[in-house]
Amino acid sequence: MAYETTQRVRDRLRAERKRRGWDTLRMARALRDAAEDPREMPTLPSLKRSIERWEGGQVTRISERYRLLYCKALNMSEDELFNPDTLPPPDAPLPRPTPGDIPVVRNMLTALTASDRQFGGEHARQYATDYLTRVVQPRLHAPAPEPLRRDLFAVAAEFSMRVSAMHMDVGQTTTALQLLATAASMAHESDDTALSAWVLARRGEHELHLAATGTRPDRRRTHIDQALAYTGGACGLARNTGPLSRAFVRTKHALAWSMTGDPTETQRALAAMWRAYEQPATGPEPAWAGSYGWGHLRHEEARCLVNIGLGDRAVRAAEESLTVRQDARPKAFTLGVLAIGHAQAGRIDQACGTARELITLAGQLSSARVRLRLREVLDALEPHRTVPAVGEVFEAARPVLHPTG
């Protein structure tokens, strides 16, 4: 089946290619790589010509096969890439920014963050992406007084970070990384050092996610080393920020150390995190820090502790975190850490009970990262697979990890 492309769709194909810094030859390689068997694809020169004709309008029809390959290569859905209703209107005039835009965008960001944490990234991702591209980003290109311009770039960076997290939550790591890069540029334009530190710390966390999920074990240490570099740089940028924001950045550095398996450096980094948190505040925290708090820090500490095999201490940290982390997705993450901690400490019954709580939550959430945490729990329980309760946990987890509908 072939589909007719409109000018707006062709413009979108070109824009998405250029946003990645790809020429048409690089796009051709991406399409070949996206195929199940690249050997059955046309040659690169032939694909390159097809791309140029699609973008230029010389060929206006595209087959379903190539639509799907485009989506896979660009890590986007068909709706995002080919549905005219989701594309920005052509030649739309630039909006005129006003100071009133900032609280409105921030209120929307707060609502989307709440939805993300309660239901998972998939539910609001498309709307958040549209809001970012149609409402927030156009205001960055319009003339504005310098203070308003900096505020716009700051809230746009925060919005981009949330949309990046939503894409990460559905397994779209390439798009998530592109949005992190966009957020880094926006943070630089805002001239906000604390914001730049946060983006850099989250960039390091992205590398840790790749280390945990990558299919090439030989790349794992490279990702961890990159995470150490990013989070170490973030700690330097955050030296003069508020206690909570500085502590948040330091948790990511501790997490990177924990992924190396080095208990000494990990605990040294955790101690630095708590020292930062306990410092007296000399001014207001940045707006983004309001999404975090003591419970988040305890959760991150628990993550670090299970990574270095200190299950008993991780259990205490996770249990304390759960007294305040009650939104469904954050709670699911912490339940996973708690279950792993119990397993490491040899408390298999408690590990299974906590795992069952996690399975119930994971079944209600649209979150690839929560399912990843569930797999990590199963890995921790694997040595005890012969225990009946553990077998029941594996059985209960199967439809959540491998849904048929």
# chains A, B, ... in the order shown; residues from 1 in each chain; ligands from 1

$ residues_around --residues "stretch 215-229 of chain A" --least-positions-apart "5" --cutoff "12 Å" --atoms "only C-alpha atoms" --output "PyMOL selection string"
chain A and resi 200-210+234-236+249-261+265-266+269

$ residues_around --residues "A:Glu146" --least-positions-apart "4" --cutoff "12 Å" --atoms "only C-alpha atoms" --output "MDAnalysis selection string"
chainID A and resid 97:99 140 142 150:153 189:191

$ select_by_dssp --residues "stretch 90-194 of chain A" --states "helix (DSSP H, G or I)" --output "PyMOL selection string"
chain A and resi 101-119+121-140+146-169+173-190+193-194

$ write_last_selection --atoms "C-alpha atoms" --output "PDB file, in the first residue's frame"
ATOM      1  CA  ASP A 101       3.672  33.210  29.168  1.00  0.00           C
ATOM      2  CA  ILE A 102       6.102  31.943  31.810  1.00  0.00           C
ATOM      3  CA  PRO A 103       3.633  30.942  34.564  1.00  0.00           C
ATOM      4  CA  VAL A 104       1.238  29.438  32.019  1.00  0.00           C
ATOM      5  CA  VAL A 105       3.955  27.234  30.507  1.00  0.00           C
ATOM      6  CA  ARG A 106       5.188  26.335  33.976  1.00  0.00           C
ATOM      7  CA  ASN A 107       1.680  25.349  35.081  1.00  0.00           C
ATOM      8  CA  MET A 108       1.387  23.108  32.031  1.00  0.00           C
ATOM      9  CA  LEU A 109       4.781  21.592  32.858  1.00  0.00           C
ATOM     10  CA  THR A 110       3.629  20.898  36.421  1.00  0.00           C
ATOM     11  CA  ALA A 111       0.479  19.169  35.165  1.00  0.00           C
ATOM     12  CA  LEU A 112       2.387  17.053  32.634  1.00  0.00           C
ATOM     13  CA  THR A 113       4.948  16.080  35.275  1.00  0.00           C
ATOM     14  CA  ALA A 114       2.145  14.932  37.572  1.00  0.00           C
ATOM     15  CA  SER A 115       0.596  12.888  34.745  1.00  0.00           C
ATOM     16  CA  ASP A 116       3.974  11.392  33.863  1.00  0.00           C
ATOM     17  CA  ARG A 117       4.596  10.324  37.445  1.00  0.00           C
ATOM     18  CA  GLN A 118       1.156   8.873  37.990  1.00  0.00           C
ATOM     19  CA  PHE A 119       0.481   7.142  34.661  1.00  0.00           C
ATOM     20  CA  GLY A 121       5.404   8.593  29.961  1.00  0.00           C
ATOM     21  CA  GLU A 122       3.281   7.282  27.093  1.00  0.00           C
ATOM     22  CA  HIS A 123      -0.057   8.818  28.079  1.00  0.00           C
ATOM     23  CA  ALA A 124       0.884  12.495  27.760  1.00  0.00           C
ATOM     24  CA  ARG A 125       3.989  12.216  25.582  1.00  0.00           C
ATOM     25  CA  GLN A 126       2.381  13.208  22.284  1.00  0.00           C
ATOM     26  CA  TYR A 127       0.563  16.152  23.826  1.00  0.00           C
ATOM     27  CA  ALA A 128       3.715  17.290  25.636  1.00  0.00           C
ATOM     28  CA  THR A 129       5.734  17.031  22.420  1.00  0.00           C
ATOM     29  CA  ASP A 130       3.154  19.060  20.509  1.00  0.00           C
ATOM     30  CA  TYR A 131       3.004  21.697  23.243  1.00  0.00           C
ATOM     31  CA  LEU A 132       6.788  22.001  23.237  1.00  0.00           C
ATOM     32  CA  THR A 133       7.039  22.342  19.445  1.00  0.00           C
ATOM     33  CA  ARG A 134       3.921  24.457  18.847  1.00  0.00           C
ATOM     34  CA  VAL A 135       3.723  26.678  21.922  1.00  0.00           C
ATOM     35  CA  VAL A 136       7.058  26.819  23.726  1.00  0.00           C
ATOM     36  CA  GLN A 137       9.763  26.679  21.066  1.00  0.00           C
ATOM     37  CA  PRO A 138       8.267  29.295  18.673  1.00  0.00           C
ATOM     38  CA  ARG A 139       8.476  31.858  21.473  1.00  0.00           C
ATOM     39  CA  LEU A 140      12.227  31.362  21.655  1.00  0.00           C
ATOM     40  CA  GLU A 146      16.642  40.050  27.613  1.00  0.00           C
ATOM     41  CA  PRO A 147      15.245  39.117  31.072  1.00  0.00           C
ATOM     42  CA  LEU A 148      12.108  37.632  29.484  1.00  0.00           C
ATOM     43  CA  ARG A 149      14.197  35.870  26.864  1.00  0.00           C
ATOM     44  CA  ARG A 150      16.316  34.188  29.559  1.00  0.00           C
ATOM     45  CA  ASP A 151      13.205  33.120  31.476  1.00  0.00           C
ATOM     46  CA  LEU A 152      11.686  31.675  28.303  1.00  0.00           C
ATOM     47  CA  PHE A 153      14.798  29.655  27.552  1.00  0.00           C
ATOM     48  CA  ALA A 154      14.904  28.412  31.150  1.00  0.00           C
ATOM     49  CA  VAL A 155      11.331  27.131  31.194  1.00  0.00           C
ATOM     50  CA  ALA A 156      11.790  25.718  27.676  1.00  0.00           C
ATOM     51  CA  ALA A 157      14.827  23.770  28.883  1.00  0.00           C
ATOM     52  CA  GLU A 158      12.821  22.346  31.784  1.00  0.00           C
ATOM     53  CA  PHE A 159       9.973  21.445  29.422  1.00  0.00           C
ATOM     54  CA  SER A 160      12.388  19.731  27.035  1.00  0.00           C
ATOM     55  CA  MET A 161      13.786  17.719  29.941  1.00  0.00           C
ATOM     56  CA  ARG A 162      10.318  16.455  30.836  1.00  0.00           C
ATOM     57  CA  VAL A 163       9.533  15.500  27.238  1.00  0.00           C
ATOM     58  CA  SER A 164      12.920  13.769  27.044  1.00  0.00           C
ATOM     59  CA  ALA A 165      12.026  11.742  30.141  1.00  0.00           C
ATOM     60  CA  MET A 166       8.702  10.767  28.567  1.00  0.00           C
ATOM     61  CA  HIS A 167      10.460   9.491  25.456  1.00  0.00           C
ATOM     62  CA  MET A 168      12.915   7.592  27.637  1.00  0.00           C
ATOM     63  CA  ASP A 169       9.957   6.051  29.452  1.00  0.00           C
ATOM     64  CA  THR A 173      16.399   6.683  23.766  1.00  0.00           C
ATOM     65  CA  THR A 174      17.580   8.443  20.606  1.00  0.00           C
ATOM     66  CA  THR A 175      14.813  11.038  20.738  1.00  0.00           C
ATOM     67  CA  ALA A 176      15.349  11.414  24.486  1.00  0.00           C
ATOM     68  CA  LEU A 177      19.024  12.167  23.874  1.00  0.00           C
ATOM     69  CA  GLN A 178      18.217  14.706  21.166  1.00  0.00           C
ATOM     70  CA  LEU A 179      15.903  16.515  23.581  1.00  0.00           C
ATOM     71  CA  LEU A 180      18.605  16.510  26.249  1.00  0.00           C
ATOM     72  CA  ALA A 181      20.948  18.156  23.758  1.00  0.00           C
ATOM     73  CA  THR A 182      18.258  20.722  22.960  1.00  0.00           C
ATOM     74  CA  ALA A 183      17.752  21.364  26.671  1.00  0.00           C
ATOM     75  CA  ALA A 184      21.488  21.893  27.132  1.00  0.00           C
ATOM     76  CA  SER A 185      21.502  24.597  24.447  1.00  0.00           C
ATOM     77  CA  MET A 186      18.439  26.250  25.982  1.00  0.00           C
ATOM     78  CA  ALA A 187      19.982  26.177  29.457  1.00  0.00           C
ATOM     79  CA  HIS A 188      23.091  27.866  28.076  1.00  0.00           C
ATOM     80  CA  GLU A 189      20.954  30.617  26.540  1.00  0.00           C
ATOM     81  CA  SER A 190      19.186  31.110  29.882  1.00  0.00           C
ATOM     82  CA  THR A 193      24.284  27.677  35.907  1.00  0.00           C
ATOM     83  CA  ALA A 194      22.078  25.547  38.167  1.00  0.00           C
TER      84      ALA A 194
END

$ atom_distance --atom1 "atom CA of A:Arg29" --atom2 "atom CA of A:Arg49"
12.4 Å

$ residues_around --residues "A:Thr24" --least-positions-apart "2" --cutoff "8 Å" --atoms "only C-alpha atoms" --output "MDAnalysis selection string"
chainID A and resid 17 22 26:28 48 51:52

$ closest_residue --among "A:Val199, A:Ala211, A:Leu358, A:Leu270" --to "A:Leu237" --atoms "only C-alpha atoms"
A:Val199

$ residues_around --residues "A:Leu401" --least-positions-apart "5" --cutoff "10 Å" --atoms "only C-alpha atoms" --output "VMD selection string"
chain A and resid 359 362 to 363 368 370 to 372 374 to 375 396

$ closest_residue --among "A:Phe394, A:Arg313, A:Thr6, A:Arg96" --to "A:Gln58" --atoms "only C-alpha atoms"
A:Thr6

$ residues_around --residues "A:Pro243" --least-positions-apart "2" --cutoff "10 Å" --atoms "only C-alpha atoms" --output "number ranges by chain"
A: 238-241, 245-248, 273-285, 289

$ closest_residue --among "A:Ala351, A:His402, A:Asp79, A:Ala34" --to "A:Val390" --atoms "only C-alpha atoms"
A:Ala351

$ atom_distance --atom1 "atom CA of A:Leu68" --atom2 "atom CA of A:Glu36"
11.6 Å

$ residues_around --residues "A:Val324" --least-positions-apart "2" --cutoff "10 Å" --atoms "only C-alpha atoms" --output "mmCIF file with C-alpha atoms, in the first residue's frame"
data_model
loop_
_atom_site.group_PDB
_atom_site.id
_atom_site.type_symbol
_atom_site.label_atom_id
_atom_site.label_comp_id
_atom_site.auth_asym_id
_atom_site.auth_seq_id
_atom_site.Cartn_x
_atom_site.Cartn_y
_atom_site.Cartn_z
ATOM 1 C CA GLY A 293 13.252 16.309 47.803
ATOM 2 C CA TRP A 294 14.562 14.206 50.681
ATOM 3 C CA GLY A 295 12.579 11.151 49.551
ATOM 4 C CA HIS A 296 14.146 11.300 46.107
ATOM 5 C CA GLU A 319 11.675 2.151 53.088
ATOM 6 C CA GLU A 320 12.253 5.719 54.243
ATOM 7 C CA SER A 321 11.886 6.979 50.680
ATOM 8 C CA LEU A 322 8.529 5.219 50.337
ATOM 9 C CA GLN A 326 3.607 7.941 46.630
ATOM 10 C CA ASP A 327 3.090 8.822 42.952
ATOM 11 C CA LYS A 331 6.859 4.439 43.964
#

$ atom_distance --atom1 "atom CA of A:Glu301" --atom2 "atom CA of A:Phe333"
12.7 Å

$ residues_around --residues "A:Ala314" --least-positions-apart "3" --cutoff "7 Å" --atoms "only C-alpha atoms" --output "MDAnalysis selection string"
chainID A and resid 302 305:306 310:311 317:318 338 341
